[in-house]
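Novice: Enclosed is the structure file work20.cif (mmCIF, C-alpha atoms).
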```cif
data_start
#
loop_
_atom_site.label_atom_id
_atom_site.label_comp_id
_atom_site.auth_asym_id
_atom_site.auth_seq_id
_atom_site.Cartn_x
_atom_site.Cartn_y
_atom_site.Cartn_z
CA MET A 117 16.90 -32.40 8.47
CA SER A 118 18.87 -29.33 9.48
CA THR A 119 21.82 -28.99 7.09
CA GLU A 120 22.15 -25.82 5.03
CA GLN A 121 21.11 -27.75 1.93
CA SER A 122 17.73 -28.68 3.40
CA VAL A 123 14.40 -27.13 2.50
CA ALA A 124 10.82 -27.50 3.65
CA ILE A 125 8.11 -26.50 1.16
CA LEU A 126 4.71 -25.71 2.62
CA GLY A 127 2.26 -26.45 -0.17
CA LEU A 128 3.35 -29.21 -2.54
CA GLY A 129 1.01 -28.10 -5.29
CA TRP A 130 1.42 -26.69 -8.79
CA LEU A 131 4.78 -25.10 -7.97
CA GLY A 132 5.75 -26.82 -4.73
CA GLU A 133 5.76 -30.40 -5.99
CA PRO A 134 7.88 -29.90 -9.14
CA LEU A 135 10.19 -27.63 -7.13
CA ALA A 136 10.62 -30.37 -4.54
CA ARG A 137 11.39 -32.94 -7.23
CA THR A 138 13.87 -30.59 -8.91
CA LEU A 139 15.70 -29.87 -5.66
CA LEU A 140 15.78 -33.57 -4.78
CA THR A 141 17.61 -34.33 -8.04
CA GLN A 142 20.11 -31.57 -7.17
CA GLY A 143 21.04 -33.18 -3.87
CA TRP A 144 18.84 -31.22 -1.48
CA GLN A 145 17.11 -32.77 1.49
CA VAL A 146 13.46 -31.96 0.84
CA ALA A 147 10.35 -32.04 3.01
CA GLY A 148 6.92 -30.56 2.48
CA THR A 149 3.20 -30.57 3.14
CA THR A 150 -0.03 -31.46 1.42
CA ARG A 151 -3.64 -31.88 2.53
CA ASP A 152 -4.02 -35.07 0.48
CA GLU A 153 -3.06 -38.30 2.28
CA GLU A 154 -2.68 -40.31 -0.94
CA LYS A 155 -0.42 -37.63 -2.39
CA ALA A 156 1.61 -37.58 0.83
CA ALA A 157 2.17 -41.33 0.56
CA ARG A 158 3.23 -41.01 -3.09
CA LEU A 159 5.67 -38.20 -2.37
CA ASN A 160 7.13 -39.98 0.64
CA ASP A 161 7.79 -42.96 -1.63
CA ALA A 162 9.57 -40.59 -4.03
CA GLY A 163 11.97 -39.46 -1.29
CA ILE A 164 10.21 -36.20 -0.35
CA VAL A 165 9.42 -36.26 3.36
CA THR A 166 5.76 -35.24 3.29
CA LEU A 167 3.43 -34.31 6.12
CA CYS A 168 -0.36 -33.97 5.85
CA TRP A 169 -1.21 -30.53 7.22
CA ASP A 170 -4.35 -28.42 6.83
CA PHE A 171 -3.33 -24.84 7.61
CA SER A 172 -6.92 -23.87 8.41
CA ALA A 173 -6.77 -26.15 11.46
CA ALA A 174 -5.29 -25.08 14.80
CA MET A 175 -1.53 -24.50 14.73
CA PRO A 176 0.62 -27.04 16.58
CA ALA A 177 2.53 -25.87 19.64
CA ARG A 178 5.88 -26.64 17.98
CA TRP A 179 7.27 -26.82 14.47
CA PRO A 180 6.93 -30.44 13.22
CA GLU A 181 10.16 -32.39 13.52
CA ARG A 182 9.71 -33.85 10.03
CA LEU A 183 9.82 -30.31 8.59
CA ARG A 184 13.02 -29.18 10.28
CA ALA A 185 15.11 -27.46 7.62
CA HIS A 186 17.49 -24.59 7.03
CA THR A 187 15.17 -22.89 4.50
CA LEU A 188 11.39 -22.67 4.36
CA VAL A 189 9.48 -22.02 1.12
CA LEU A 190 5.90 -20.81 1.61
CA CYS A 191 3.87 -21.89 -1.45
CA VAL A 192 0.47 -21.59 0.22
CA PRO A 193 -2.17 -20.03 -2.08
CA PRO A 194 -4.54 -17.48 -0.51
CA GLY A 195 -7.62 -19.53 -1.34
CA LYS A 196 -6.44 -22.48 0.74
CA VAL A 197 -6.65 -20.84 4.19
CA ASP A 198 -8.75 -18.44 6.24
CA ASP A 199 -7.22 -15.09 7.27
CA TYR A 200 -4.27 -15.43 4.94
CA PRO A 201 -1.95 -12.80 6.50
CA HIS A 202 -2.46 -14.14 10.01
CA THR A 203 -1.91 -17.75 8.94
CA LEU A 204 1.24 -17.00 6.95
CA GLY A 205 2.65 -14.94 9.80
CA ALA A 206 1.89 -17.69 12.29
CA LEU A 207 3.58 -20.29 10.10
CA ALA A 208 6.69 -18.10 9.74
CA ARG A 209 6.84 -17.51 13.50
CA LEU A 210 6.48 -21.21 14.26
CA ALA A 211 9.12 -22.15 11.67
CA VAL A 212 11.69 -19.66 12.97
CA ALA A 213 11.10 -20.86 16.52
CA GLY A 214 11.73 -24.38 15.20
CA GLY A 215 15.13 -23.50 13.76
CA VAL A 216 14.41 -22.28 10.22
CA GLN A 217 17.05 -19.74 9.20
CA ARG A 218 15.66 -18.47 5.89
CA VAL A 219 12.16 -18.01 4.48
CA ILE A 220 11.01 -17.58 0.88
CA PHE A 221 7.44 -16.39 0.45
CA THR A 222 5.87 -16.78 -3.01
CA SER A 223 3.78 -13.63 -3.18
CA ALA A 224 2.11 -12.11 -6.25
CA THR A 225 2.24 -9.00 -8.39
CA SER A 226 -1.32 -8.18 -7.32
CA VAL A 227 0.40 -5.91 -4.78
CA TYR A 228 0.92 -3.41 -7.64
CA GLY A 229 -1.99 -1.17 -8.50
CA GLY A 230 -2.48 1.47 -11.15
CA THR A 231 -0.80 1.54 -14.54
CA GLY A 232 2.67 1.81 -16.01
CA ILE A 233 5.92 -0.04 -15.31
CA LYS A 234 6.18 -1.53 -11.81
CA THR A 235 9.44 -2.28 -10.02
CA GLU A 236 9.89 -3.79 -6.59
CA ALA A 237 9.61 -0.34 -4.94
CA ASP A 238 6.13 0.34 -6.35
CA ALA A 239 3.85 -1.82 -4.18
CA ALA A 240 0.55 0.04 -3.78
CA PRO A 241 -2.50 -2.25 -4.02
CA ASP A 242 -5.71 -0.93 -5.53
CA GLY A 243 -8.01 -3.73 -4.41
CA PRO A 244 -8.66 -6.22 -1.60
CA ARG A 245 -6.74 -9.05 -3.30
CA GLY A 246 -3.54 -7.02 -3.46
CA GLU A 247 -4.06 -5.59 0.02
CA ARG A 248 -4.35 -9.10 1.46
CA MET A 249 -1.19 -10.23 -0.30
CA LEU A 250 0.82 -7.21 0.85
CA ALA A 251 -0.40 -7.76 4.41
CA ALA A 252 0.78 -11.38 4.17
CA GLU A 253 4.21 -10.23 2.95
CA ARG A 254 4.53 -7.93 5.93
CA ALA A 255 3.39 -10.62 8.35
CA VAL A 256 6.09 -12.99 7.08
CA GLN A 257 8.73 -10.26 7.06
CA ALA A 258 7.93 -9.35 10.67
CA TYR A 259 9.88 -12.38 11.89
CA SER A 260 13.28 -10.82 11.30
CA ALA A 261 15.11 -13.56 13.18
CA ALA A 262 15.08 -15.27 9.79
CA GLN A 263 16.31 -13.99 6.44
CA VAL A 264 13.20 -13.40 4.30
CA LEU A 265 12.93 -13.15 0.51
CA VAL A 266 9.59 -12.23 -1.04
CA LEU A 267 9.15 -13.46 -4.60
CA ARG A 268 6.41 -11.50 -6.33
CA LEU A 269 5.27 -13.87 -9.07
CA SER A 270 3.37 -12.75 -12.14
CA GLY A 271 0.61 -14.90 -13.59
CA LEU A 272 1.58 -18.56 -13.44
CA VAL A 273 1.51 -20.71 -16.58
CA GLY A 274 2.96 -24.05 -17.63
CA GLY A 275 2.56 -27.52 -16.22
CA SER A 276 -1.16 -28.12 -15.74
CA ARG A 277 -1.96 -24.40 -16.07
CA GLU A 278 -2.97 -24.07 -19.72
CA PRO A 279 -3.63 -20.40 -20.55
CA GLY A 280 -5.85 -21.31 -23.50
CA ARG A 281 -8.48 -22.43 -21.00
CA PHE A 282 -8.25 -19.46 -18.65
CA LEU A 283 -10.52 -17.02 -20.48
CA SER A 284 -11.95 -19.12 -23.32
CA GLY A 285 -15.42 -18.07 -24.47
CA LYS A 286 -15.72 -15.18 -21.99
CA ARG A 287 -15.86 -11.44 -22.49
CA PHE A 288 -13.55 -8.91 -20.83
CA ASP A 289 -12.57 -5.29 -21.03
CA GLY A 290 -8.96 -4.17 -21.36
CA GLY A 291 -7.89 -6.14 -24.39
CA ASP A 292 -4.96 -3.80 -24.94
CA GLU A 293 -3.52 -4.35 -21.46
CA PRO A 294 -0.16 -6.17 -21.34
CA VAL A 295 0.06 -9.66 -19.89
CA ASN A 296 2.47 -10.32 -17.03
CA LEU A 297 3.35 -13.98 -16.81
CA VAL A 298 6.03 -16.40 -15.68
CA ALA A 299 6.39 -20.02 -16.80
CA LEU A 300 6.88 -22.95 -14.45
CA GLU A 301 10.09 -23.91 -16.25
CA ASP A 302 11.65 -20.56 -15.40
CA LEU A 303 10.62 -20.79 -11.75
CA LEU A 304 12.28 -24.19 -11.57
CA ARG A 305 15.50 -22.58 -12.83
CA PHE A 306 15.43 -19.43 -10.75
CA ILE A 307 14.40 -20.75 -7.33
CA PRO A 308 17.20 -23.35 -7.01
CA ALA A 309 19.67 -20.68 -8.13
CA LEU A 310 18.56 -18.20 -5.50
CA LEU A 311 18.54 -20.91 -2.83
CA ALA A 312 22.26 -21.28 -3.48
CA ARG A 313 22.81 -17.58 -2.71
CA SER A 314 23.12 -15.91 0.68
CA ASP A 315 22.91 -12.28 -0.50
CA TRP A 316 19.14 -12.13 -0.72
CA PRO A 317 17.35 -8.85 -1.37
CA ALA A 318 14.08 -8.26 0.46
CA VAL A 319 11.81 -8.46 -2.61
CA VAL A 320 12.20 -9.63 -6.22
CA ASN A 321 9.72 -9.57 -9.09
CA VAL A 322 9.48 -12.63 -11.31
CA SER A 323 7.93 -11.74 -14.67
CA ALA A 324 9.03 -12.68 -18.17
CA PRO A 325 10.19 -9.78 -20.38
CA HIS A 326 7.55 -10.25 -23.11
CA HIS A 327 4.24 -8.46 -22.49
CA PRO A 328 1.87 -8.88 -25.47
CA ALA A 329 -1.68 -7.53 -25.35
CA ARG A 330 -4.20 -9.70 -23.51
CA ARG A 331 -6.41 -10.09 -26.59
CA ASP A 332 -3.47 -11.32 -28.68
CA PHE A 333 -2.02 -13.71 -26.14
CA TYR A 334 -5.22 -15.31 -24.86
CA GLY A 335 -6.77 -15.37 -28.32
CA GLU A 336 -3.79 -17.30 -29.69
CA ALA A 337 -3.66 -19.56 -26.63
CA ALA A 338 -7.31 -20.53 -27.13
CA ARG A 339 -6.89 -20.99 -30.89
CA LEU A 340 -3.98 -23.39 -30.45
CA GLN A 341 -6.07 -25.46 -28.03
CA GLY A 342 -9.06 -25.51 -30.38
CA LEU A 343 -11.14 -23.55 -27.89
CA PRO A 344 -13.48 -20.56 -28.38
CA PRO A 345 -11.40 -17.41 -28.02
CA PRO A 346 -12.27 -14.79 -25.40
CA GLU A 347 -13.80 -11.52 -26.51
CA PHE A 348 -12.17 -8.29 -25.40
CA GLY A 349 -13.23 -4.70 -25.39
CA GLY A 350 -10.57 -2.20 -26.35
CA GLY A 351 -8.50 0.12 -24.23
CA GLY A 352 -6.68 -0.39 -20.98
CA GLU A 353 -3.15 0.81 -20.37
CA GLY A 354 -2.64 -1.74 -17.62
CA LYS A 355 0.59 -2.35 -15.77
CA THR A 356 3.83 -3.93 -16.84
CA ILE A 357 5.83 -5.82 -14.22
CA ASP A 358 9.57 -5.31 -14.51
CA GLY A 359 11.23 -8.65 -13.72
CA SER A 360 14.72 -7.65 -14.84
CA GLY A 361 16.17 -7.17 -11.35
CA LEU A 362 16.15 -10.94 -10.85
CA CYS A 363 18.26 -11.39 -13.99
CA ARG A 364 20.84 -8.85 -12.87
CA TRP A 365 21.08 -10.40 -9.41
CA LEU A 366 21.37 -14.02 -10.52
CA ASN A 367 23.15 -13.30 -13.81
CA MET A 368 20.53 -15.43 -15.54
CA ASP A 369 18.00 -14.73 -18.27
CA TYR A 370 14.43 -15.91 -18.67
CA SER A 371 14.13 -18.90 -20.97
CA VAL A 372 10.71 -17.68 -22.11
CA THR A 373 11.20 -14.44 -24.04
CA ASP A 374 8.41 -14.86 -26.61
CA TRP A 375 5.04 -16.09 -25.36
CA PHE A 376 3.78 -16.96 -28.83
CA GLN A 377 6.73 -19.26 -29.41
CA TRP A 378 6.09 -20.79 -25.99
CA LEU A 379 2.44 -21.42 -26.84
CA ALA A 380 3.32 -23.02 -30.17
CA ALA A 381 5.92 -25.26 -28.54
CA ARG A 382 3.38 -26.50 -25.96
CA ARG A 383 1.00 -27.43 -28.72
CA GLY A 384 3.70 -29.41 -30.52
#
```
Before we go any further, please render this structure as structure tokens.

Specialist:
Amino acid sequence: MSTEQSVAILGLGWLGEPLARTLLTQGWQVAGTTRDEEKAARLNDAGIVTLCWDFSAAMPARWPERLRAHTLVLCVPPGKVDDYPHTLGALARLAVAGGVQRVIFTSATSVYGGTGIKTEADAAPDGPRGERMLAAERAVQAYSAAQVLVLRLSGLVGGSREPGRFLSGKRFDGGDEPVNLVALEDLLRFIPALLARSDWPAVVNVSAPHHPARRDFYGEAARLQGLPPPEFGGGGEGKTIDGSGLCRWLNMDYSVTDWFQWLAARRG
């Protein structure tokens, strides 16, 4: 599988599996990985060439033949592997040596610390989670033989990720802080569109343009699910992730522009 319209997705999970299915319907040759043998069998039957691979195990000497592709998408969550930056860098190096020409890394907006509006130029972590993610970005970018695009994703919702359950019944500070979120349905629009482009920037934020207060959003999300709402203390300027650069580049808009409408539609 080495044509330009071929993609290998490492991590066929919450985002990776629906992305693989979407690309398959659009005529892409799709391969990927999972740690679950039963899931691998199911996805292989669906036409997605799937390899069982535990990234915490020793790396193979060569890139697996079944994952040969023009573009690699790294959808590996930090909690799934030890020494996340080292592992992601090693996977990128192995993939490029195996013929991969382009790499997309699904990073996170945890790389932004402090408060205020954050654009792609403002990465400055203020905690170990963000520091680890930024180190992973740099490890992937170090293999410049491939074209690399870092997608910094805001909080992920949609599909099986129901925000009404996230904070239900718990107490938090910072109820006035804005939420920064992106819905699965928008990711499944944007990623195929950017795969069709060759003029990749180095980094792009992905964050819907609506940023209600945490207490309002998560309170309504819990209410609509019939769950106990979270309790929030006041205050908290927080940070607002600017995801508009993606729209200007792709000439596309987010489909989710009002999170309360989105929540109500999910309930219905």

Novice: Write out as a PyMOL selection string each polymer residue whose atoms come within 9 Å of Val372 in chain A, counting all atoms listed in the file; drop sequence neighbours fewer than 4 positions from it.

Specialist: chain A and resi 298-299+301-302+324-326+377-378

Novice: Name the residues that the PyMOL selection byres ((chain A and resi 134-150) around 8) picks from the file above, as a PyMOL selection string, using the file's chain letters and numbers.

Specialist: chain A and resi 117+121-133+151-153+155-156+163-170+182-183+304+308

Novice: Run the PyMOL selection byres ((chain A and resi 327) around 7) against the file shown and list the residues it catches, as a list of chain:residue names.

Specialist: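 Residues picked by the PyMOL selection byres ((chain A and resi 327) around 7): A:Pro294, A:Val295, A:Asn296, A:Pro325, A:His326, A:Pro328, A:Ala329.
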
Novice: Emit the selected residues as a compact mmCIF listing (two decimals), in the coordinates of the input, including C-alpha atoms.

Specialist:
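Result file part_27.txt:
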```txt
# COMPACT_ATOMS: atom_id res chain seq x y z
CA PRO A 294 -0.16 -6.17 -21.34
CA VAL A 295 0.06 -9.66 -19.89
CA ASN A 296 2.47 -10.32 -17.03
CA PRO A 325 10.19 -9.78 -20.38
CA HIS A 326 7.55 -10.25 -23.11
CA PRO A 328 1.87 -8.88 -25.47
CA ALA A 329 -1.68 -7.53 -25.35
```

Novice: Apply the PyMOL selection byres ((chain A and resi 234-243) around 12) to the structure shown and report the selected residues as an mmCIF file with C-alpha atoms, in the coordinates of the input.

Specialist:
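Output below, filename result01.cif:
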```cif
data_model
loop_
_atom_site.group_PDB
_atom_site.id
_atom_site.type_symbol
_atom_site.label_atom_id
_atom_site.label_comp_id
_atom_site.auth_asym_id
_atom_site.auth_seq_id
_atom_site.Cartn_x
_atom_site.Cartn_y
_atom_site.Cartn_z
ATOM 1 C CA SER A 223 3.780 -13.630 -3.180
ATOM 2 C CA ALA A 224 2.110 -12.110 -6.250
ATOM 3 C CA THR A 225 2.240 -9.000 -8.390
ATOM 4 C CA SER A 226 -1.320 -8.180 -7.320
ATOM 5 C CA VAL A 227 0.400 -5.910 -4.780
ATOM 6 C CA TYR A 228 0.920 -3.410 -7.640
ATOM 7 C CA GLY A 229 -1.990 -1.170 -8.500
ATOM 8 C CA GLY A 230 -2.480 1.470 -11.150
ATOM 9 C CA THR A 231 -0.800 1.540 -14.540
ATOM 10 C CA GLY A 232 2.670 1.810 -16.010
ATOM 11 C CA ILE A 233 5.920 -0.040 -15.310
ATOM 12 C CA PRO A 244 -8.660 -6.220 -1.600
ATOM 13 C CA ARG A 245 -6.740 -9.050 -3.300
ATOM 14 C CA GLY A 246 -3.540 -7.020 -3.460
ATOM 15 C CA GLU A 247 -4.060 -5.590 0.020
ATOM 16 C CA ARG A 248 -4.350 -9.100 1.460
ATOM 17 C CA MET A 249 -1.190 -10.230 -0.300
ATOM 18 C CA LEU A 250 0.820 -7.210 0.850
ATOM 19 C CA ALA A 251 -0.400 -7.760 4.410
ATOM 20 C CA GLU A 253 4.210 -10.230 2.950
ATOM 21 C CA ARG A 254 4.530 -7.930 5.930
ATOM 22 C CA VAL A 266 9.590 -12.230 -1.040
ATOM 23 C CA LEU A 267 9.150 -13.460 -4.600
ATOM 24 C CA ARG A 268 6.410 -11.500 -6.330
ATOM 25 C CA LEU A 269 5.270 -13.870 -9.070
ATOM 26 C CA SER A 270 3.370 -12.750 -12.140
ATOM 27 C CA ASN A 296 2.470 -10.320 -17.030
ATOM 28 C CA PRO A 317 17.350 -8.850 -1.370
ATOM 29 C CA ALA A 318 14.080 -8.260 0.460
ATOM 30 C CA VAL A 319 11.810 -8.460 -2.610
ATOM 31 C CA VAL A 320 12.200 -9.630 -6.220
ATOM 32 C CA ASN A 321 9.720 -9.570 -9.090
ATOM 33 C CA VAL A 322 9.480 -12.630 -11.310
ATOM 34 C CA SER A 323 7.930 -11.740 -14.670
ATOM 35 C CA GLY A 354 -2.640 -1.740 -17.620
ATOM 36 C CA LYS A 355 0.590 -2.350 -15.770
ATOM 37 C CA THR A 356 3.830 -3.930 -16.840
ATOM 38 C CA ILE A 357 5.830 -5.820 -14.220
ATOM 39 C CA ASP A 358 9.570 -5.310 -14.510
ATOM 40 C CA GLY A 359 11.230 -8.650 -13.720
ATOM 41 C CA SER A 360 14.720 -7.650 -14.840
ATOM 42 C CA GLY A 361 16.170 -7.170 -11.350
ATOM 43 C CA LEU A 362 16.150 -10.940 -10.850
#
```

Novice: Could you give me, as a list in words, the residues within 9 Å of Ala206 in chain A, counting all atoms listed in the file and dropping anything in the same chain fewer than 4 positions from it?

Specialist: Met175, Pro201, His202, Leu210, Ala211, Ala255 and Val256 of chain A

Novice: Which of these residues is nearest to His186 in chain A, using all atoms listed in the file: A:Leu159, A:Val212, A:Ala381, A:Leu303?

Specialist: A:Val212

Novice: Here is a test: counting all atoms listed in the file, which residue of A:Trp316, A:Tyr259, A:Tyr370, A:Phe333 is nearest to Pro346 in chain A?

Specialist: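 Comparing A:Trp316, A:Tyr259, A:Tyr370, A:Phe333 against Pro346 in chain A, the winner is A:Phe333.
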